[in-house]
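A.B. asks: My structure is in input-v3.tsv, and what it holds is TSV, C-alpha atoms:
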```
chain	number	residue	atom	x	y	z
A	1	MET	CA	-8.01	17.55	13.32
A	2	GLU	CA	-5.51	18.91	10.79
A	3	GLN	CA	-6.65	22.07	9.04
A	4	SER	CA	-5.36	20.98	5.65
A	5	PHE	CA	-5.24	23.41	2.74
A	6	VAL	CA	-6.15	21.14	-0.14
A	7	LEU	CA	-5.10	21.97	-3.67
A	8	GLN	CA	-7.72	20.43	-5.94
A	9	LEU	CA	-6.07	20.02	-9.35
A	10	THR	CA	-9.10	18.53	-11.06
A	11	ASN	CA	-7.77	19.08	-14.58
A	12	ARG	CA	-4.33	17.74	-13.74
A	13	GLN	CA	-2.10	17.24	-16.78
A	14	ILE	CA	0.93	15.92	-14.88
A	15	GLN	CA	0.43	12.23	-14.10
A	16	ASP	CA	3.74	10.59	-13.18
A	17	PHE	CA	4.54	12.66	-10.08
A	18	TYR	CA	2.16	15.29	-8.76
A	19	LEU	CA	1.14	17.42	-5.81
A	20	CYS	CA	-2.07	16.46	-3.97
A	21	PHE	CA	-2.21	19.00	-1.13
A	22	CYS	CA	-0.14	20.90	1.41
A	23	GLY	CA	-0.63	22.78	4.66
A	24	TYR	CA	0.67	24.37	7.83
A	25	GLU	CA	-0.35	23.66	11.42
A	26	LYS	CA	0.58	25.21	14.75
A	27	CYS	CA	-0.79	22.46	16.97
A	28	ASP	CA	-2.32	22.80	20.40
A	29	LYS	CA	-1.32	20.45	23.21
A	30	ASN	CA	-4.20	18.03	22.54
A	31	HIS	CA	-3.68	17.78	18.79
A	32	ARG	CA	-3.59	14.28	17.30
A	33	PHE	CA	-4.32	12.77	13.91
A	34	GLY	CA	-5.33	9.16	13.40
A	35	PRO	CA	-5.21	6.28	13.46
A	36	SER	CA	-5.81	6.85	9.76
A	37	VAL	CA	-4.88	5.56	6.31
A	38	ARG	CA	-3.85	7.94	3.52
A	39	PRO	CA	-4.28	7.17	-0.20
A	40	ASN	CA	-1.05	9.02	-1.05
A	41	TYR	CA	2.38	9.89	0.35
A	42	VAL	CA	2.67	12.71	2.90
A	43	VAL	CA	5.86	14.31	4.25
A	44	HIS	CA	5.85	16.44	7.41
A	45	PHE	CA	8.64	18.89	8.25
A	46	ILE	CA	8.69	19.85	11.96
A	47	LEU	CA	9.43	23.56	12.45
A	48	GLU	CA	9.02	23.91	16.23
A	49	GLY	CA	8.16	21.79	19.26
A	50	GLU	CA	7.94	18.01	19.39
A	51	GLY	CA	5.56	15.09	19.08
A	52	GLU	CA	5.26	11.37	18.37
A	53	TYR	CA	4.77	9.43	15.14
A	54	VAL	CA	3.42	5.86	15.42
A	55	VAL	CA	3.50	3.40	12.51
A	56	GLY	CA	3.79	-0.39	12.22
A	57	GLY	CA	4.27	-0.85	15.96
A	58	ASN	CA	7.15	1.66	16.04
A	59	ARG	CA	7.09	4.94	17.96
A	60	TYR	CA	9.27	7.87	16.92
A	61	HIS	CA	9.72	10.85	19.24
A	62	LEU	CA	10.48	13.75	16.90
A	63	LYS	CA	11.29	17.43	17.32
A	64	ALA	CA	12.14	20.56	15.36
A	65	GLY	CA	14.63	19.86	12.61
A	66	GLN	CA	13.20	16.42	11.89
A	67	GLY	CA	10.42	15.08	9.72
A	68	PHE	CA	8.50	11.94	8.85
A	69	LEU	CA	7.12	10.17	5.80
A	70	ILE	CA	3.64	8.60	5.63
A	71	GLU	CA	3.19	5.87	3.02
A	72	PRO	CA	-0.11	5.15	1.25
A	73	ASN	CA	-2.49	2.52	2.65
A	74	THR	CA	-0.58	2.37	5.94
A	75	VAL	CA	-2.18	2.92	9.35
A	76	THR	CA	-0.47	5.82	11.13
A	77	LEU	CA	-1.01	8.01	14.19
A	78	TYR	CA	0.77	11.15	15.27
A	79	HIS	CA	0.19	13.59	18.11
A	80	ALA	CA	1.72	16.70	19.62
A	81	ASN	CA	3.70	16.72	22.84
A	82	PRO	CA	1.35	18.27	25.45
A	83	ASP	CA	4.17	20.28	27.05
A	84	ASN	CA	5.81	21.45	23.82
A	85	PRO	CA	3.35	20.94	20.93
A	86	TRP	CA	4.84	20.93	17.48
A	87	THR	CA	4.35	23.16	14.48
A	88	TYR	CA	4.85	21.67	11.03
A	89	VAL	CA	4.19	21.95	7.33
A	90	TRP	CA	3.16	19.00	5.21
A	91	VAL	CA	3.06	18.07	1.55
A	92	GLY	CA	1.00	15.27	0.01
A	93	PHE	CA	1.98	13.80	-3.34
A	94	SER	CA	1.45	10.74	-5.52
A	95	GLY	CA	2.11	9.26	-8.96
A	96	PRO	CA	3.92	6.20	-10.39
A	97	ARG	CA	7.32	7.91	-10.10
A	98	ALA	CA	6.89	8.87	-6.43
A	99	PRO	CA	8.23	5.55	-4.99
A	100	GLU	CA	11.22	5.72	-7.34
A	101	TYR	CA	12.08	9.29	-6.35
A	102	LEU	CA	11.77	8.47	-2.64
A	103	TYR	CA	13.92	5.36	-3.10
A	104	HIS	CA	16.58	7.43	-4.84
A	105	LEU	CA	16.67	9.72	-1.80
A	106	GLY	CA	16.85	6.76	0.57
A	107	TYR	CA	13.28	6.85	1.91
A	108	ASN	CA	11.09	3.75	2.17
A	109	HIS	CA	9.21	1.66	4.74
A	110	ASN	CA	12.50	1.08	6.61
A	111	HIS	CA	13.44	4.77	6.63
A	112	LEU	CA	10.42	6.90	7.52
A	113	VAL	CA	12.00	9.66	9.66
A	114	PHE	CA	14.76	12.09	8.78
A	115	GLN	CA	16.82	15.09	9.87
A	116	SER	CA	16.44	18.33	7.94
A	117	LYS	CA	18.09	21.75	8.16
A	118	GLU	CA	15.74	23.03	5.46
A	119	GLY	CA	12.62	23.57	7.56
A	120	GLU	CA	12.44	27.32	7.02
A	121	ARG	CA	13.00	26.96	3.28
A	122	VAL	CA	10.27	24.31	3.07
A	123	ARG	CA	7.91	26.51	5.08
A	124	LYS	CA	8.37	29.32	2.53
A	125	LEU	CA	7.83	26.89	-0.35
A	126	VAL	CA	4.61	25.54	1.19
A	127	PHE	CA	3.30	29.06	1.79
A	128	GLU	CA	4.14	29.88	-1.82
A	129	MET	CA	2.10	26.84	-2.88
A	130	LEU	CA	-0.85	28.03	-0.82
A	131	ARG	CA	-0.73	31.39	-2.56
A	132	HIS	CA	-1.10	29.68	-5.95
A	133	SER	CA	-4.01	27.34	-5.31
A	134	LYS	CA	-6.12	28.52	-8.24
A	135	ASN	CA	-6.70	25.68	-10.69
A	136	THR	CA	-4.99	26.88	-13.86
A	137	PRO	CA	-2.42	25.21	-16.16
A	138	LYS	CA	0.13	27.90	-15.27
A	139	ASN	CA	-0.31	27.32	-11.55
A	140	GLU	CA	-0.15	23.55	-11.99
A	141	PHE	CA	3.29	23.67	-13.55
A	142	TYR	CA	4.46	26.25	-11.04
A	143	LEU	CA	3.23	24.16	-8.10
A	144	HIS	CA	5.00	21.06	-9.36
A	145	GLY	CA	8.18	23.05	-9.75
A	146	LEU	CA	7.85	23.93	-6.06
A	147	LEU	CA	7.25	20.25	-5.26
A	148	TYR	CA	10.56	19.33	-6.90
A	149	GLU	CA	12.24	22.07	-4.83
A	150	ILE	CA	10.85	20.50	-1.67
A	151	PHE	CA	12.23	17.14	-2.78
A	152	SER	CA	15.62	18.79	-3.13
A	153	CYS	CA	15.30	19.70	0.56
A	154	LEU	CA	14.79	16.01	1.37
A	155	ALA	CA	18.13	15.16	-0.23
A	156	ASP	CA	21.06	14.91	2.18
A	157	ASP	CA	24.22	15.90	0.32
A	158	ASP	CA	26.36	14.40	3.10
A	159	GLN	CA	24.98	10.92	2.51
A	160	PRO	CA	25.45	8.84	-0.66
A	161	GLN	CA	22.11	8.53	-2.42
A	162	GLN	CA	20.74	5.20	-3.55
A	163	GLN	CA	20.93	4.81	-7.31
A	164	TYR	CA	17.74	3.47	-8.77
A	165	ASP	CA	18.69	0.32	-10.65
A	166	PRO	CA	15.66	-1.03	-12.59
A	167	ASP	CA	17.22	-4.49	-13.02
A	168	ARG	CA	18.06	-4.84	-9.33
A	169	HIS	CA	14.68	-3.43	-8.39
A	170	GLN	CA	12.98	-6.05	-10.57
A	171	GLU	CA	15.11	-8.80	-9.03
A	172	ASN	CA	13.94	-7.72	-5.58
A	173	ILE	CA	10.32	-7.63	-6.74
A	174	ASN	CA	10.60	-11.15	-8.19
A	175	ARG	CA	12.21	-12.47	-5.01
A	176	TYR	CA	9.59	-10.89	-2.75
A	177	LEU	CA	6.81	-12.20	-4.98
A	178	ARG	CA	8.20	-15.76	-4.94
A	179	GLU	CA	8.51	-15.69	-1.17
A	180	ALA	CA	5.00	-14.30	-0.73
A	181	VAL	CA	3.40	-16.84	-3.08
A	182	SER	CA	5.31	-19.72	-1.47
A	183	TYR	CA	4.18	-18.58	1.97
A	184	ILE	CA	0.56	-18.41	0.82
A	185	GLN	CA	0.75	-21.92	-0.66
A	186	LYS	CA	2.12	-23.36	2.58
A	187	HIS	CA	-0.02	-21.46	5.09
A	188	PHE	CA	-3.27	-20.51	3.33
A	189	SER	CA	-5.27	-22.84	5.58
A	190	GLU	CA	-4.24	-20.88	8.68
A	191	GLY	CA	-6.49	-17.89	8.00
A	192	LEU	CA	-3.71	-15.66	6.68
A	193	GLN	CA	-3.99	-11.89	6.64
A	194	VAL	CA	-2.08	-9.60	4.29
A	195	ALA	CA	-0.12	-8.34	7.31
A	196	ASP	CA	1.10	-11.91	7.94
A	197	ILE	CA	2.41	-12.19	4.37
A	198	ALA	CA	4.08	-8.78	4.47
A	199	GLY	CA	5.67	-9.64	7.81
A	200	HIS	CA	7.09	-12.89	6.48
A	201	VAL	CA	8.55	-11.22	3.40
A	202	ALA	CA	9.74	-8.28	5.56
A	203	VAL	CA	8.19	-5.51	3.46
A	204	SER	CA	5.44	-3.01	4.20
A	205	ARG	CA	1.85	-3.75	3.23
A	206	VAL	CA	1.88	-0.88	0.74
A	207	TYR	CA	5.02	-2.21	-0.97
A	208	LEU	CA	3.58	-5.72	-1.04
A	209	TYR	CA	0.45	-4.30	-2.68
A	210	GLN	CA	2.59	-2.56	-5.30
A	211	ILE	CA	4.48	-5.77	-6.05
A	212	PHE	CA	1.33	-7.87	-6.56
A	213	ASN	CA	-0.58	-5.17	-8.41
A	214	GLU	CA	2.26	-4.31	-10.80
A	215	THR	CA	3.31	-7.93	-11.43
A	216	LEU	CA	0.07	-9.94	-11.25
A	217	GLY	CA	-2.58	-7.27	-11.66
A	218	VAL	CA	-4.29	-8.11	-8.36
A	219	SER	CA	-3.85	-7.11	-4.74
A	220	PRO	CA	-2.31	-9.56	-2.21
A	221	LYS	CA	-5.76	-10.02	-0.65
A	222	GLU	CA	-7.32	-10.82	-4.03
A	223	TYR	CA	-4.54	-13.30	-4.81
A	224	LEU	CA	-4.93	-14.99	-1.41
A	225	THR	CA	-8.71	-15.20	-1.78
A	226	ASN	CA	-8.48	-16.57	-5.32
A	227	PHE	CA	-5.94	-19.18	-4.21
A	228	CYS	CA	-8.18	-20.29	-1.31
A	229	ILE	CA	-11.28	-20.48	-3.50
A	230	THR	CA	-9.41	-22.47	-6.16
A	231	ARG	CA	-8.28	-24.91	-3.49
A	232	ALA	CA	-11.87	-25.09	-2.25
A	233	THR	CA	-13.15	-26.05	-5.69
A	234	GLU	CA	-10.67	-28.96	-5.71
A	235	LEU	CA	-11.86	-30.20	-2.32
A	236	LEU	CA	-15.53	-29.82	-3.26
A	237	THR	CA	-14.91	-31.82	-6.42
A	238	LEU	CA	-12.60	-34.56	-5.14
A	239	SER	CA	-13.67	-35.06	-1.52
A	240	ASP	CA	-16.80	-35.67	0.51
A	241	GLN	CA	-15.89	-33.20	3.24
A	242	PRO	CA	-18.76	-31.05	4.49
A	243	VAL	CA	-18.76	-27.49	3.19
A	244	GLU	CA	-17.89	-26.24	6.69
A	245	ALA	CA	-14.81	-28.46	6.75
A	246	VAL	CA	-13.78	-27.30	3.28
A	247	ALA	CA	-14.12	-23.71	4.43
A	248	GLU	CA	-11.90	-24.29	7.45
A	249	SER	CA	-9.35	-26.19	5.36
A	250	CYS	CA	-9.08	-23.15	3.11
A	251	GLY	CA	-8.58	-20.63	5.91
A	252	PHE	CA	-12.17	-19.49	6.43
A	253	LYS	CA	-13.26	-19.75	10.06
A	254	ASN	CA	-16.72	-18.44	9.21
A	255	PRO	CA	-18.69	-20.68	6.79
A	256	ALA	CA	-20.97	-17.78	5.83
A	257	ALA	CA	-17.98	-15.65	4.86
A	258	PHE	CA	-16.63	-18.58	2.85
A	259	SER	CA	-19.93	-19.02	0.99
A	260	ALA	CA	-20.09	-15.30	0.20
A	261	ALA	CA	-16.48	-15.21	-1.07
A	262	PHE	CA	-17.02	-18.41	-3.06
A	263	LYS	CA	-20.16	-17.06	-4.72
A	264	ARG	CA	-18.42	-13.79	-5.66
A	265	ARG	CA	-15.60	-15.75	-7.28
A	266	MET	CA	-17.52	-18.67	-8.85
A	267	GLY	CA	-21.01	-17.24	-9.34
A	268	THR	CA	-22.70	-19.93	-7.26
A	269	THR	CA	-22.69	-21.30	-3.72
A	270	PRO	CA	-20.30	-24.09	-2.64
A	271	THR	CA	-23.21	-26.52	-2.25
A	272	LYS	CA	-24.60	-25.85	-5.73
A	273	TYR	CA	-21.11	-25.95	-7.21
A	274	ARG	CA	-20.49	-29.39	-5.71
A	275	SER	CA	-23.84	-30.63	-6.94
A	276	CYS	CA	-23.27	-29.40	-10.51
A	277	VAL	CA	-19.68	-30.63	-10.67
A	278	SER	CA	-20.64	-33.97	-9.21
A	279	ALA	CA	-23.43	-34.44	-11.77
A	280	ALA	CA	-21.13	-33.40	-14.63
A	281	TYR	CA	-18.37	-35.69	-13.33
A	282	LYS	CA	-20.75	-38.67	-13.15
A	283	GLU	CA	-22.09	-37.94	-16.63
A	284	ARG	CA	-18.57	-37.80	-18.06
A	285	LEU	CA	-17.62	-41.06	-16.36
A	286	GLN	CA	-20.77	-42.71	-17.70
A	287	LYS	CA	-19.93	-41.63	-21.26
A	288	GLU	CA	-16.35	-42.86	-20.91
A	289	LEU	CA	-17.59	-46.21	-19.57
A	290	GLN	CA	-20.04	-46.63	-22.46
A	291	SER	CA	-17.29	-45.78	-24.93
A	292	ILE	CA	-15.00	-48.43	-23.40
A	293	LEU	CA	-17.76	-51.05	-23.47
A	294	GLN	CA	-18.54	-50.33	-27.13
A	295	GLN	CA	-14.86	-50.64	-28.06
A	296	ASN	CA	-14.70	-54.07	-26.41
A	297	MET	CA	-17.81	-55.45	-28.02
```
Give the structure from the file, written as structure tokens.

C.D. replies:
Amino acid sequence: MEQSFVLQLTNRQIQDFYLCFCGYEKCDKNHRFGPSVRPNYVVHFILEGEGEYVVGGNRYHLKAGQGFLIEPNTVTLYHANPDNPWTYVWVGFSGPRAPEYLYHLGYNHNHLVFQSKEGERVRKLVFEMLRHSKNTPKNEFYLHGLLYEIFSCLADDDQPQQQYDPDRHQENINRYLREAVSYIQKHFSEGLQVADIAGHVAVSRVYLYQIFNETLGVSPKEYLTNFCITRATELLTLSDQPVEAVAESCGFKNPAAFSAAFKRRMGTTPTKYRSCVSAAYKERLQKELQSILQQNM
């Protein structure tokens, strides 16, 4: 288990890009961390030794002079090489500007590992952070200054950096969203998972979450569930299919899970919903029929 030195900035004033924690670890030969999911970004700089980083089905064998990025809400695993265990420092950070800053430096779900000649400098910066862990306004600003210095170590002056273009970024978001929504509409009955949608659009699950949350105000899972339940209400209203068949048609293999999801969304069970809608539908038809008959009298 990582012996993380956590910096608890409970009265944090900086909101757009901020330090969460940092630490140093000289790993033993059996050291491993994960599989786990982090709520924030984490960057590791490898100072000595070697190990393996596993994410999204990819395995990266890394050694001193390299590093790796962990994205939020992404399952990762990493472990030390038993013959030459690694030593590293790590920095955790978050905030709305964090994805933009990483993008500007060329880091994203397609670029999670990197070369760095700045390991010793980063080590000194992390140790300086650990010496200023007291929760005071002065330390908070000082710590975030150190965080920006560490980001300068991530920049490779020999490579052209990506320029953050808000218009182009928004175009990409719109395209990914259209593709994701279209895929859901065509394949919702197949029991889709968020990973299936992200795989089709060719983005990470965390980036797909950001797209849906920022654009539609819901997660991909919430959107998928809402779409399936809306389709279910149509089938319950317009067809005589059994509830179990409606559930399967809307991607739910387990009728109990369907009923629970339906009740959370609609406030009643599928059976009661059909009964109420059917009664209301018949009543409306009866009134329309009476109105027509009176007009023709």

A.B. asks: Might I get the box with edges along x, y and z of the file that holds all atoms of range 229-235 of chain A listed there, padded by 8 Å on every side, given as centre and edge lengths in Å to one decimal, as lines of an AutoDock Vina configuration file?

C.D. replies:
```
center_x = -10.7
center_y = -25.3
center_z = -4.2
size_x = 20.9
size_y = 25.7
size_z = 19.9
```

A.B. asks: Tell me which of A:Val42, A:Ile173, A:Met266, A:Ile184 sits closest to Tyr209 in chain A, counting only C-alpha atoms.

C.D. replies: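 So, comparing all the options, the nearest one is A:Ile173.
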
A.B. asks: Measure the distance from CA of Leu192 in chain A to CA of Gly251 in chain A in Å and round it to one decimal.

C.D. replies: 7.0 Å

A.B. asks: When you draw a straight line from CA of Phe227 in chain A to CA of Asn73 in chain A, how long is it in Å?

C.D. replies: 23.0 Å

A.B. asks: Just checking: using all atoms listed in the file, which residue out of A:Glu118, A:Asp16, A:Glu149, A:Glu48 ends up closest to Ser94 in chain A?

C.D. replies: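 Going through A:Glu118, A:Asp16, A:Glu149, A:Glu48 one by one, the smallest distance to Ser94 in chain A is for A:Asp16.
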
A.B. asks: When distances are computed from all atoms listed in the file, which of A:Ser219, A:Val206, A:Arg231, A:Phe45 shows the smallest separation from Gln185 in chain A?

C.D. replies: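 Closest candidate: A:Arg231.
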
A.B. asks: Check the smallest atom-to-atom distance from each of A:Arg121, A:Ala155, A:Val277, A:Gly49 to Leu238 in chain A using all atoms listed in the file, then report the winner.

C.D. replies: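 Checking each candidate against Leu238 in chain A, we get A:Val277 as the closest.
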
A.B. asks: Just give me the gap between CA of Cys20 in chain A and CA of Asn40 in chain A in Å, one decimal is fine.

C.D. replies: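 These atoms are spaced 8.1 Å apart.
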
A.B. asks: Skipping near chain neighbours, those fewer than 6 positions away, what residues fall within 9 Å of Gly65 in chain A using only C-alpha atoms, listed as a PyMOL selection string?

C.D. replies: chain A and resi 45-48+114-119

A.B. asks: When you look at Val43 in chain A with a cut-off of 9 Å (counting all atoms listed in the file), what residues show up, excluding the ones that are within fewer than 4 positions of it in the same chain? I need them as a PyMOL selection string.

C.D. replies: chain A and resi 67-71+89-93

A.B. asks: Which residues come within 8 Å of Gly34 in chain A, counting all atoms listed in the file, excluding same-chain residues fewer than 4 positions away, as a JSON list (two decimals) with C-alpha atoms, in the coordinates of the input?

C.D. replies:
```json
[["chain", "number", "residue", "atom", "x", "y", "z"],
["A", 76, "THR", "CA", -0.47, 5.82, 11.13],
["A", 77, "LEU", "CA", -1.01, 8.01, 14.19],
["A", 78, "TYR", "CA", 0.77, 11.15, 15.27]]
```

A.B. asks: Considering all atoms listed in the file, state which residue in the set A:Ile211, A:Cys228, A:Leu236, A:Val203 is at the smallest distance from Gly56 in chain A.

C.D. replies: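 Result for the nearest residue to Gly56 in chain A: A:Val203.
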
A.B. asks: Go through A:Lys253, A:Arg97, A:Arg32, A:Arg265 and flag the residue nearest Thr230 in chain A, using all atoms listed in the file for the distances.

C.D. replies: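 Of all the options, A:Arg265 lies closest to Thr230 in chain A.
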